[in-house]
Protein chains: 2
Amino acid sequence: MLKLSKKADYGLMALQHIASNQYGDVAQARVVNTKEIAEEYHIPVELLAKVLQTLSKSGIIESHNGPKGGYLLGKNPREITIAHVLESLEGPLGIMDCSHEKDGDACMQREHCNIRTPLLKIQSSIYQLLNNMTLQDMMGGTPLITIQSVTTEQQGVER
Amino acid sequence: MLKLSKKADYGLMALQHIASNQYGDVAQARVVNTKEIAEEYHIPVELLAKVLQTLSKSGIIESHNGPKGGYLLGKNPREITIAHVLESLEGPLGIMDCSHEKDGDACMQREHCNIRTPLLKIQSSIYQLLNNMTLQDMMGGTPLITIQSVTTEQQGVER
DNA sequence: TTTTATACGACTGATTTGATCGGAGATCAT
DNA sequence: ATGATCTCCGATCAAATCAGTCGTATAAAA
């Protein structure tokens with residue numbers, strides 16, 4: 001329950017990868033393409049492509065066509081919030097249907113609804129949480145890639 | 001996105017209704033049945049029944065069979081957390097697939113996954129949020145039922 | 001024993017989601 | 001400049017999940 005979709009998963013993975021290659025320790029902005037990311041994380045290529053297209057439309061990343069093309073971050077990692085990414089991929093996030101409805105499309109039980117107010121508070125809290133966390137924060141805690149470990153043991157593991 | 005299911009909606013509504021009738025200003029514990037709740041909130045009866053059965057199994061409410069039967073709260077409203085209700089109705093809540101997996105069913109991209117750690121933090125925060133809010137808290141903020149208003153103006157609007 | 005209510009399981013239709021295919025546009029090499 | 005290649009892009013298809021339905025069984029009160 002409350003599980004986010006594959007699209008969201010793949011999107012976040014890809015963004016983390018792009019950000020790492022662009023702002024990482026290599027210190028040179030590198031354009032990465034869809035195929036590269038898909039193979040790295042074992043994601044179906046076409047599906048990932050669609051995800052990246054959506055993110056591109058939202059201005060989160062920039063697409064570059066042609067050979068040697070690919071994607072680049074559209075903003076600074078600090079300015080890319082998780083909330084924006086998720087909303088871009090899966091539409092406006094709301095705990096319930098009547099989160100931000102207009103007067104017309106009120107749900108049937110709206111006038112007798114007794115849980116709307118407290119749920120709105122919960123929703124607001126979750127949104128704040130997702131809106132305060134940025135891609136920059138996600139880069140900090142990469143669990144398996146530790147730069148120090150590369151210097152200590154150099155057994156062909158440079159990624 | 002992140003929208004909770006109808007089952008969860010209906011379950012919360014029903015619980016709020018049951019709690020209000022049991023601990024409300026009427027000051028007498030009243031057993032409410034499925035049909036009554038369904039009509040009050042315009043919910044399909046059979047679906048609500050299923051939801052209430054599930055909640056009953058979890059010990060959140062108690063079922064009483066036969067005529068004059070119905071449902072009663074199984075615990076004090078302060079001890080019924082939103083998290084418990086949601087988990088009861090929709091299974092364990094987790095932002096991602098690999099939230100609490102055993103060693104066996106690791107996902108394909110697990111070893112290269114770069115977003116697991118930060119997402120776990122988000123998930124933990126959401127769980128705390130839902131685990132700290134109880135049914136008691138939801139009763140406090142009932143928007144349409146105001147006890148004071150009944151005393152001030154008694155124009156047949158007692159709901 | 002009849003009435004009234006919940007408990008339980010199987011089933012159907014619809015919505016959402018995951019995944020796939022063919023084409024359009026841009027860039028580099030010649 | 002032009003062709004060939006590589007990428008992004010939009011439309012389409014299949015699978016899984018979910019909301020809702022139906023019929024039957026069981027239990028308690030009158």
# chains A, B, ... in the order shown; residues from 1 in each chain; ligands from 1

call {"tool": "interface_residues", "arguments": {"of": "chain A", "to": "chain C", "cutoff": "9 Å", "atoms": "only C-alpha atoms (C1' of nucleotides)", "output": "ChimeraX atom specification"}}
result
/A:5-7,44,46-47,64-69

call {"tool": "write_last_selection", "arguments": {"atoms": "N, CA, C and O atoms", "output": "PDB file, in the first residue's frame"}}
result
ATOM      1  N   SER A   5       4.838   3.748  -8.166  1.00  0.00           N
ATOM      2  CA  SER A   5       4.872   2.925  -9.368  1.00  0.00           C
ATOM      3  C   SER A   5       6.292   2.702  -9.874  1.00  0.00           C
ATOM      4  O   SER A   5       7.244   3.336  -9.430  1.00  0.00           O
ATOM      5  N   LYS A   6       6.393   1.781 -10.834  1.00  0.00           N
ATOM      6  CA  LYS A   6       7.683   1.507 -11.458  1.00  0.00           C
ATOM      7  C   LYS A   6       8.226   2.749 -12.133  1.00  0.00           C
ATOM      8  O   LYS A   6       9.421   3.046 -12.090  1.00  0.00           O
ATOM      9  N   LYS A   7       7.327   3.481 -12.761  1.00  0.00           N
ATOM     10  CA  LYS A   7       7.754   4.708 -13.425  1.00  0.00           C
ATOM     11  C   LYS A   7       8.494   5.620 -12.458  1.00  0.00           C
ATOM     12  O   LYS A   7       9.562   6.144 -12.770  1.00  0.00           O
ATOM     13  N   PRO A  44      13.743  -2.133 -18.536  1.00  0.00           N
ATOM     14  CA  PRO A  44      13.330  -2.173 -19.942  1.00  0.00           C
ATOM     15  C   PRO A  44      13.570  -0.824 -20.613  1.00  0.00           C
ATOM     16  O   PRO A  44      13.118   0.210 -20.122  1.00  0.00           O
ATOM     17  N   GLU A  46      12.588   0.743 -23.402  1.00  0.00           N
ATOM     18  CA  GLU A  46      11.522   1.594 -23.928  1.00  0.00           C
ATOM     19  C   GLU A  46      10.742   2.271 -22.820  1.00  0.00           C
ATOM     20  O   GLU A  46      10.330   3.415 -22.943  1.00  0.00           O
ATOM     21  N   LEU A  47      10.546   1.534 -21.741  1.00  0.00           N
ATOM     22  CA  LEU A  47       9.801   2.122 -20.628  1.00  0.00           C
ATOM     23  C   LEU A  47      10.582   3.270 -20.006  1.00  0.00           C
ATOM     24  O   LEU A  47      10.038   4.343 -19.714  1.00  0.00           O
ATOM     25  N   HIS A  64      19.087  15.848 -25.497  1.00  0.00           N
ATOM     26  CA  HIS A  64      19.973  16.240 -26.598  1.00  0.00           C
ATOM     27  C   HIS A  64      19.932  15.157 -27.659  1.00  0.00           C
ATOM     28  O   HIS A  64      20.279  14.004 -27.382  1.00  0.00           O
ATOM     29  N   ASN A  65      19.517  15.544 -28.822  1.00  0.00           N
ATOM     30  CA  ASN A  65      19.296  14.593 -29.903  1.00  0.00           C
ATOM     31  C   ASN A  65      20.576  14.219 -30.629  1.00  0.00           C
ATOM     32  O   ASN A  65      21.616  14.815 -30.419  1.00  0.00           O
ATOM     33  N   GLY A  66      20.433  13.217 -31.503  1.00  0.00           N
ATOM     34  CA  GLY A  66      21.514  12.810 -32.372  1.00  0.00           C
ATOM     35  C   GLY A  66      22.575  11.972 -31.706  1.00  0.00           C
ATOM     36  O   GLY A  66      22.482  11.663 -30.523  1.00  0.00           O
ATOM     37  N   PRO A  67      23.576  11.541 -32.477  1.00  0.00           N
ATOM     38  CA  PRO A  67      24.691  10.757 -31.932  1.00  0.00           C
ATOM     39  C   PRO A  67      25.400  11.530 -30.824  1.00  0.00           C
ATOM     40  O   PRO A  67      25.486  12.745 -30.890  1.00  0.00           O
ATOM     41  N   LYS A  68      25.867  10.835 -29.849  1.00  0.00           N
ATOM     42  CA  LYS A  68      26.454  11.438 -28.656  1.00  0.00           C
ATOM     43  C   LYS A  68      25.427  12.247 -27.874  1.00  0.00           C
ATOM     44  O   LYS A  68      25.800  13.077 -27.050  1.00  0.00           O
ATOM     45  N   GLY A  69      24.170  12.022 -28.208  1.00  0.00           N
ATOM     46  CA  GLY A  69      23.118  12.718 -27.478  1.00  0.00           C
ATOM     47  C   GLY A  69      22.787  12.018 -26.176  1.00  0.00           C
ATOM     48  O   GLY A  69      23.484  11.103 -25.749  1.00  0.00           O
TER      49      GLY A  69
END

call {"tool": "closest_atom_pairs", "arguments": {"of": "chain D", "to": "chain B", "cutoff": "9 Å", "atoms": "only C-alpha atoms (C1' of nucleotides)", "output": "CSV"}}
result
residue,atom,partner,partner_atom,distance
D:DC18,C1',B:Ser5,CA,8.4
D:DA19,C1',B:Lys6,CA,7.6
D:DG20,C1',B:Leu47,CA,6.7
D:DT21,C1',B:Glu46,CA,7.8
D:DA27,C1',B:Asn65,CA,5.9
D:DA28,C1',B:Gly66,CA,4.2
D:DA29,C1',B:Pro67,CA,5.7
D:DA30,C1',B:Pro67,CA,8.9

call {"tool": "write_last_selection", "arguments": {"atoms": "N, CA and C atoms (P, O5', C5', C4', C3', O3' and C1' of nucleotides)", "output": "short mmCIF file (atom, residue, chain, number, x, y, z; two decimals), in the first residue's frame"}}
result
data_model
loop_
_atom_site.label_atom_id
_atom_site.label_comp_id
_atom_site.auth_asym_id
_atom_site.auth_seq_id
_atom_site.Cartn_x
_atom_site.Cartn_y
_atom_site.Cartn_z
P DC D 18 -4.36 -3.54 -5.77
"O5'" DC D 18 -5.81 -2.94 -6.11
"C5'" DC D 18 -5.89 -1.81 -6.97
"C4'" DC D 18 -7.33 -1.52 -7.33
"C3'" DC D 18 -8.31 -1.65 -6.16
"O3'" DC D 18 -9.14 -0.49 -6.11
"C1'" DC D 18 -9.07 -2.92 -8.00
P DA D 19 -9.99 -0.22 -4.78
"O5'" DA D 19 -11.46 -0.09 -5.35
"C5'" DA D 19 -11.68 0.74 -6.48
"C4'" DA D 19 -13.01 0.41 -7.13
"C3'" DA D 19 -14.18 0.35 -6.15
"O3'" DA D 19 -15.29 1.02 -6.71
"C1'" DA D 19 -13.99 -1.72 -7.31
P DG D 20 -16.58 1.27 -5.81
"O5'" DG D 20 -17.53 0.04 -6.19
"C5'" DG D 20 -17.88 -0.16 -7.55
"C4'" DG D 20 -18.46 -1.55 -7.74
"C3'" DG D 20 -19.62 -1.92 -6.81
"O3'" DG D 20 -20.80 -2.04 -7.59
"C1'" DG D 20 -18.12 -3.73 -7.11
P DT D 21 -22.18 -2.48 -6.87
"O5'" DT D 21 -22.26 -4.04 -7.18
"C5'" DT D 21 -22.00 -4.50 -8.50
"C4'" DT D 21 -22.25 -6.00 -8.60
"C3'" DT D 21 -23.48 -6.49 -7.85
"O3'" DT D 21 -24.34 -7.16 -8.76
"C1'" DT D 21 -21.58 -7.84 -7.33
P DA D 27 -22.30 -21.08 13.51
"O5'" DA D 27 -22.77 -19.82 14.38
"C5'" DA D 27 -22.18 -18.54 14.14
"C4'" DA D 27 -23.09 -17.45 14.67
"C3'" DA D 27 -23.85 -17.82 15.94
"O3'" DA D 27 -23.74 -16.76 16.87
"C1'" DA D 27 -25.36 -17.06 14.28
P DA D 28 -23.97 -17.04 18.43
"O5'" DA D 28 -25.20 -16.07 18.74
"C5'" DA D 28 -25.04 -14.67 18.54
"C4'" DA D 28 -26.38 -14.01 18.34
"C3'" DA D 28 -27.36 -14.17 19.51
"O3'" DA D 28 -27.88 -12.90 19.82
"C1'" DA D 28 -28.42 -14.75 17.48
P DA D 29 -28.28 -12.56 21.34
"O5'" DA D 29 -29.80 -12.10 21.18
"C5'" DA D 29 -30.09 -10.87 20.52
"C4'" DA D 29 -31.43 -10.97 19.81
"C3'" DA D 29 -32.65 -11.07 20.74
"O3'" DA D 29 -33.56 -10.05 20.39
"C1'" DA D 29 -32.75 -12.70 19.02
P DA D 30 -34.66 -9.57 21.43
"O5'" DA D 30 -36.02 -10.05 20.77
"C5'" DA D 30 -36.32 -9.62 19.45
"C4'" DA D 30 -37.42 -10.49 18.86
"C3'" DA D 30 -38.63 -10.69 19.79
"O3'" DA D 30 -39.83 -10.46 19.05
"C1'" DA D 30 -37.83 -12.79 19.05
#

call {"tool": "interface_residues", "arguments": {"of": "chain B", "to": "chain A", "cutoff": "8 Å", "atoms": "only C-alpha atoms", "output": "MDAnalysis selection string"}}
result
chainID B and resid 1:4 9 12:13 16 40:43 87 90:97 108:109 112:115 117:118 122 126 129:130 137:138 141:144

call {"tool": "write_last_selection", "arguments": {"atoms": "N, CA and C atoms", "output": "mmCIF file, in the first residue's frame"}}
result
data_model
loop_
_atom_site.group_PDB
_atom_site.id
_atom_site.type_symbol
_atom_site.label_atom_id
_atom_site.label_comp_id
_atom_site.auth_asym_id
_atom_site.auth_seq_id
_atom_site.Cartn_x
_atom_site.Cartn_y
_atom_site.Cartn_z
ATOM 1 N N MET B 1 -1.784 10.325 -7.596
ATOM 2 C CA MET B 1 -0.667 9.523 -7.087
ATOM 3 C C MET B 1 -0.678 9.454 -5.572
ATOM 4 N N LEU B 2 -0.249 8.365 -5.036
ATOM 5 C CA LEU B 2 -0.270 8.114 -3.595
ATOM 6 C C LEU B 2 -1.689 8.055 -3.037
ATOM 7 N N LYS B 3 -2.642 8.019 -3.948
ATOM 8 C CA LYS B 3 -4.034 8.027 -3.515
ATOM 9 C C LYS B 3 -4.383 6.693 -2.855
ATOM 10 N N LEU B 4 -5.077 6.770 -1.729
ATOM 11 C CA LEU B 4 -5.452 5.522 -1.066
ATOM 12 C C LEU B 4 -6.751 5.000 -1.649
ATOM 13 N N ASP B 9 -10.787 4.495 2.200
ATOM 14 C CA ASP B 9 -11.723 5.599 2.404
ATOM 15 C C ASP B 9 -12.934 5.147 3.203
ATOM 16 N N LEU B 12 -12.251 4.171 6.863
ATOM 17 C CA LEU B 12 -12.057 5.297 7.775
ATOM 18 C C LEU B 12 -13.370 5.998 8.074
ATOM 19 N N MET B 13 -14.173 6.179 7.034
ATOM 20 C CA MET B 13 -15.482 6.805 7.251
ATOM 21 C C MET B 13 -16.298 6.000 8.247
ATOM 22 N N GLN B 16 -15.038 6.271 11.784
ATOM 23 C CA GLN B 16 -15.383 7.553 12.379
ATOM 24 C C GLN B 16 -16.845 7.559 12.815
ATOM 25 N N GLU B 40 -25.941 6.105 4.958
ATOM 26 C CA GLU B 40 -25.537 7.435 5.431
ATOM 27 C C GLU B 40 -24.506 8.071 4.496
ATOM 28 N N TYR B 41 -23.544 7.263 4.035
ATOM 29 C CA TYR B 41 -22.449 7.820 3.244
ATOM 30 C C TYR B 41 -22.517 7.434 1.765
ATOM 31 N N HIS B 42 -23.625 6.795 1.377
ATOM 32 C CA HIS B 42 -23.793 6.397 -0.024
ATOM 33 C C HIS B 42 -22.663 5.500 -0.491
ATOM 34 N N ILE B 43 -22.437 4.459 0.275
ATOM 35 C CA ILE B 43 -21.410 3.478 -0.060
ATOM 36 C C ILE B 43 -22.105 2.180 -0.431
ATOM 37 N N GLU B 87 -3.025 -0.579 7.105
ATOM 38 C CA GLU B 87 -2.321 -1.849 6.915
ATOM 39 C C GLU B 87 -3.301 -3.008 6.940
ATOM 40 N N GLU B 90 -5.139 -2.833 3.424
ATOM 41 C CA GLU B 90 -4.419 -2.894 2.157
ATOM 42 C C GLU B 90 -3.050 -3.527 2.267
ATOM 43 N N GLY B 91 -2.813 -4.239 3.332
ATOM 44 C CA GLY B 91 -1.517 -4.880 3.468
ATOM 45 C C GLY B 91 -0.468 -3.912 3.955
ATOM 46 N N PRO B 92 0.725 -4.433 4.239
ATOM 47 C CA PRO B 92 1.795 -3.619 4.790
ATOM 48 C C PRO B 92 2.099 -2.444 3.890
ATOM 49 N N LEU B 93 2.235 -1.277 4.489
ATOM 50 C CA LEU B 93 2.490 -0.095 3.664
ATOM 51 C C LEU B 93 3.975 0.113 3.494
ATOM 52 N N GLY B 94 4.346 0.277 2.247
ATOM 53 C CA GLY B 94 5.746 0.477 1.914
ATOM 54 C C GLY B 94 5.846 1.240 0.624
ATOM 55 N N ILE B 95 6.718 2.235 0.601
ATOM 56 C CA ILE B 95 6.861 3.056 -0.590
ATOM 57 C C ILE B 95 7.320 2.231 -1.772
ATOM 58 N N MET B 96 8.193 1.273 -1.534
ATOM 59 C CA MET B 96 8.747 0.509 -2.661
ATOM 60 C C MET B 96 8.607 -0.985 -2.420
ATOM 61 N N ASP B 97 8.929 -1.764 -3.445
ATOM 62 C CA ASP B 97 8.798 -3.209 -3.371
ATOM 63 C C ASP B 97 9.746 -3.794 -2.338
ATOM 64 N N MET B 108 15.616 -7.248 -9.188
ATOM 65 C CA MET B 108 16.699 -7.380 -10.147
ATOM 66 C C MET B 108 17.752 -6.282 -10.004
ATOM 67 N N GLN B 109 17.288 -5.060 -9.798
ATOM 68 C CA GLN B 109 18.232 -3.941 -9.753
ATOM 69 C C GLN B 109 18.732 -3.640 -8.346
ATOM 70 N N HIS B 112 22.415 -2.738 -7.727
ATOM 71 C CA HIS B 112 22.854 -1.466 -8.288
ATOM 72 C C HIS B 112 21.969 -0.313 -7.827
ATOM 73 N N CYS B 113 20.986 -0.648 -6.993
ATOM 74 C CA CYS B 113 20.000 0.362 -6.612
ATOM 75 C C CYS B 113 20.652 1.494 -5.829
ATOM 76 N N ASN B 114 20.347 2.703 -6.248
ATOM 77 C CA ASN B 114 20.969 3.864 -5.635
ATOM 78 C C ASN B 114 19.969 4.740 -4.878
ATOM 79 N N ILE B 115 18.741 4.301 -4.816
ATOM 80 C CA ILE B 115 17.736 5.159 -4.198
ATOM 81 C C ILE B 115 17.088 4.500 -2.990
ATOM 82 N N THR B 117 18.196 3.694 0.101
ATOM 83 C CA THR B 117 18.399 4.318 1.411
ATOM 84 C C THR B 117 17.570 5.585 1.606
ATOM 85 N N PRO B 118 17.658 6.543 0.702
ATOM 86 C CA PRO B 118 16.845 7.749 0.903
ATOM 87 C C PRO B 118 15.350 7.477 0.916
ATOM 88 N N ILE B 122 12.203 8.326 3.763
ATOM 89 C CA ILE B 122 10.898 8.917 3.491
ATOM 90 C C ILE B 122 9.795 8.020 4.023
ATOM 91 N N ILE B 126 6.752 8.807 6.782
ATOM 92 C CA ILE B 126 5.326 8.676 6.510
ATOM 93 C C ILE B 126 4.684 7.728 7.515
ATOM 94 N N LEU B 129 4.138 9.352 10.773
ATOM 95 C CA LEU B 129 3.002 10.266 10.670
ATOM 96 C C LEU B 129 1.676 9.533 10.848
ATOM 97 N N LEU B 130 1.540 8.430 10.122
ATOM 98 C CA LEU B 130 0.287 7.686 10.169
ATOM 99 C C LEU B 130 0.118 6.921 11.471
ATOM 100 N N ASP B 137 -8.058 11.483 17.133
ATOM 101 C CA ASP B 137 -7.684 12.744 16.491
ATOM 102 C C ASP B 137 -8.628 13.060 15.341
ATOM 103 N N MET B 138 -9.051 12.039 14.634
ATOM 104 C CA MET B 138 -9.950 12.275 13.501
ATOM 105 C C MET B 138 -11.328 12.732 13.969
ATOM 106 N N GLY B 141 -11.782 16.734 14.707
ATOM 107 C CA GLY B 141 -11.958 17.738 13.667
ATOM 108 C C GLY B 141 -13.124 17.488 12.737
ATOM 109 N N THR B 142 -14.209 16.948 13.244
ATOM 110 C CA THR B 142 -15.369 16.754 12.380
ATOM 111 C C THR B 142 -15.916 18.101 11.947
ATOM 112 N N PRO B 143 -15.923 18.351 10.638
ATOM 113 C CA PRO B 143 -16.230 19.679 10.126
ATOM 114 C C PRO B 143 -17.703 20.032 10.224
ATOM 115 N N LEU B 144 -18.568 19.080 10.022
ATOM 116 C CA LEU B 144 -19.993 19.394 9.928
ATOM 117 C C LEU B 144 -20.735 19.189 11.243
#

call {"tool": "atom_distance", "arguments": {"atom1": "CA of Asn131 (chain A)", "atom2": "CA of Ile82 (chain A)"}}
result
6.1 Å

call {"tool": "select_by_dssp", "arguments": {"residues": "region 28-148 of chain A", "states": "alpha helix (DSSP H)", "output": "ChimeraX atom specification"}}
result
/A:34-41,45-57,82-90,116-132,135-140,147-148

call {"tool": "write_last_selection", "arguments": {"atoms": "C-alpha atoms", "output": "PDB file, in the first residue's frame"}}
result
ATOM      1  CA  THR A  34      18.765   5.932 -22.198  1.00  0.00           C
ATOM      2  CA  LYS A  35      20.383   2.667 -23.183  1.00  0.00           C
ATOM      3  CA  GLU A  36      23.255   3.144 -20.768  1.00  0.00           C
ATOM      4  CA  ILE A  37      20.970   3.688 -17.798  1.00  0.00           C
ATOM      5  CA  ALA A  38      18.685   0.833 -18.761  1.00  0.00           C
ATOM      6  CA  GLU A  39      21.536  -1.647 -18.900  1.00  0.00           C
ATOM      7  CA  GLU A  40      23.085  -0.414 -15.677  1.00  0.00           C
ATOM      8  CA  TYR A  41      19.919  -0.935 -13.654  1.00  0.00           C
ATOM      9  CA  VAL A  45      14.743   0.375 -22.360  1.00  0.00           C
ATOM     10  CA  GLU A  46      11.522   1.594 -23.928  1.00  0.00           C
ATOM     11  CA  LEU A  47       9.801   2.122 -20.628  1.00  0.00           C
ATOM     12  CA  LEU A  48      12.713   4.100 -19.280  1.00  0.00           C
ATOM     13  CA  ALA A  49      12.690   6.156 -22.464  1.00  0.00           C
ATOM     14  CA  LYS A  50       9.116   7.126 -21.839  1.00  0.00           C
ATOM     15  CA  VAL A  51       9.895   8.117 -18.286  1.00  0.00           C
ATOM     16  CA  LEU A  52      12.795  10.276 -19.380  1.00  0.00           C
ATOM     17  CA  GLN A  53      10.647  11.921 -22.035  1.00  0.00           C
ATOM     18  CA  THR A  54       8.141  12.900 -19.398  1.00  0.00           C
ATOM     19  CA  LEU A  55      10.816  14.289 -17.138  1.00  0.00           C
ATOM     20  CA  SER A  56      12.204  16.211 -20.080  1.00  0.00           C
ATOM     21  CA  LYS A  57       8.842  17.830 -20.738  1.00  0.00           C
ATOM     22  CA  ILE A  82      11.124  14.579  -5.040  1.00  0.00           C
ATOM     23  CA  ALA A  83       7.615  15.987  -5.028  1.00  0.00           C
ATOM     24  CA  HIS A  84       8.130  17.601  -8.414  1.00  0.00           C
ATOM     25  CA  VAL A  85       9.549  14.414  -9.897  1.00  0.00           C
ATOM     26  CA  LEU A  86       6.681  12.279  -8.631  1.00  0.00           C
ATOM     27  CA  GLU A  87       4.021  14.732  -9.713  1.00  0.00           C
ATOM     28  CA  SER A  88       5.616  14.950 -13.123  1.00  0.00           C
ATOM     29  CA  LEU A  89       5.502  11.188 -13.596  1.00  0.00           C
ATOM     30  CA  GLU A  90       2.217  10.284 -11.940  1.00  0.00           C
ATOM     31  CA  ARG A 116     -11.884  15.011   4.712  1.00  0.00           C
ATOM     32  CA  THR A 117     -10.367  17.514   7.101  1.00  0.00           C
ATOM     33  CA  PRO A 118      -8.031  15.176   8.985  1.00  0.00           C
ATOM     34  CA  LEU A 119      -6.928  13.498   5.772  1.00  0.00           C
ATOM     35  CA  LEU A 120      -6.075  16.842   4.267  1.00  0.00           C
ATOM     36  CA  LYS A 121      -3.734  17.446   7.169  1.00  0.00           C
ATOM     37  CA  ILE A 122      -1.993  14.140   6.577  1.00  0.00           C
ATOM     38  CA  GLN A 123      -1.691  14.888   2.899  1.00  0.00           C
ATOM     39  CA  SER A 124      -0.196  18.272   3.607  1.00  0.00           C
ATOM     40  CA  SER A 125       2.418  16.708   5.859  1.00  0.00           C
ATOM     41  CA  ILE A 126       3.415  14.147   3.263  1.00  0.00           C
ATOM     42  CA  TYR A 127       3.683  16.802   0.607  1.00  0.00           C
ATOM     43  CA  GLN A 128       5.922  18.926   2.775  1.00  0.00           C
ATOM     44  CA  LEU A 129       8.110  15.913   3.368  1.00  0.00           C
ATOM     45  CA  LEU A 130       8.501  15.175  -0.333  1.00  0.00           C
ATOM     46  CA  ASN A 131       8.875  18.821  -1.223  1.00  0.00           C
ATOM     47  CA  ASN A 132      11.711  19.382   1.212  1.00  0.00           C
ATOM     48  CA  LEU A 135      17.883  15.135  -5.583  1.00  0.00           C
ATOM     49  CA  GLN A 136      20.936  16.563  -3.858  1.00  0.00           C
ATOM     50  CA  ASP A 137      19.856  14.870  -0.640  1.00  0.00           C
ATOM     51  CA  MET A 138      19.436  11.566  -2.438  1.00  0.00           C
ATOM     52  CA  MET A 139      22.959  11.742  -3.847  1.00  0.00           C
ATOM     53  CA  GLY A 140      24.487  12.102  -0.431  1.00  0.00           C
ATOM     54  CA  ILE A 147      34.639   6.889  -3.137  1.00  0.00           C
ATOM     55  CA  GLN A 148      37.068   5.959  -0.393  1.00  0.00           C
TER      56      GLN A 148
END

call {"tool": "select_by_dssp", "arguments": {"residues": "region 5-82 of chain B", "states": "strand (DSSP E)", "output": "list of chain:residue names"}}
result
B:Ile61, B:Glu62, B:Ser63, B:His64, B:Gly70, B:Tyr71, B:Leu72, B:Leu73

call {"tool": "closest_residue", "arguments": {"among": "B:Leu72, B:Ser63, B:Glu79, B:Ser58", "to": "Tyr23 (chain B)", "atoms": "only C-alpha atoms"}}
result
B:Leu72

call {"tool": "atom_distance", "arguments": {"atom1": "CA of Thr134 (chain B)", "atom2": "CA of Arg30 (chain B)"}}
result
20.9 Å

call {"tool": "atom_distance", "arguments": {"atom1": "CA of Ile18 (chain A)", "atom2": "CA of Ile61 (chain A)"}}
result
9.1 Å
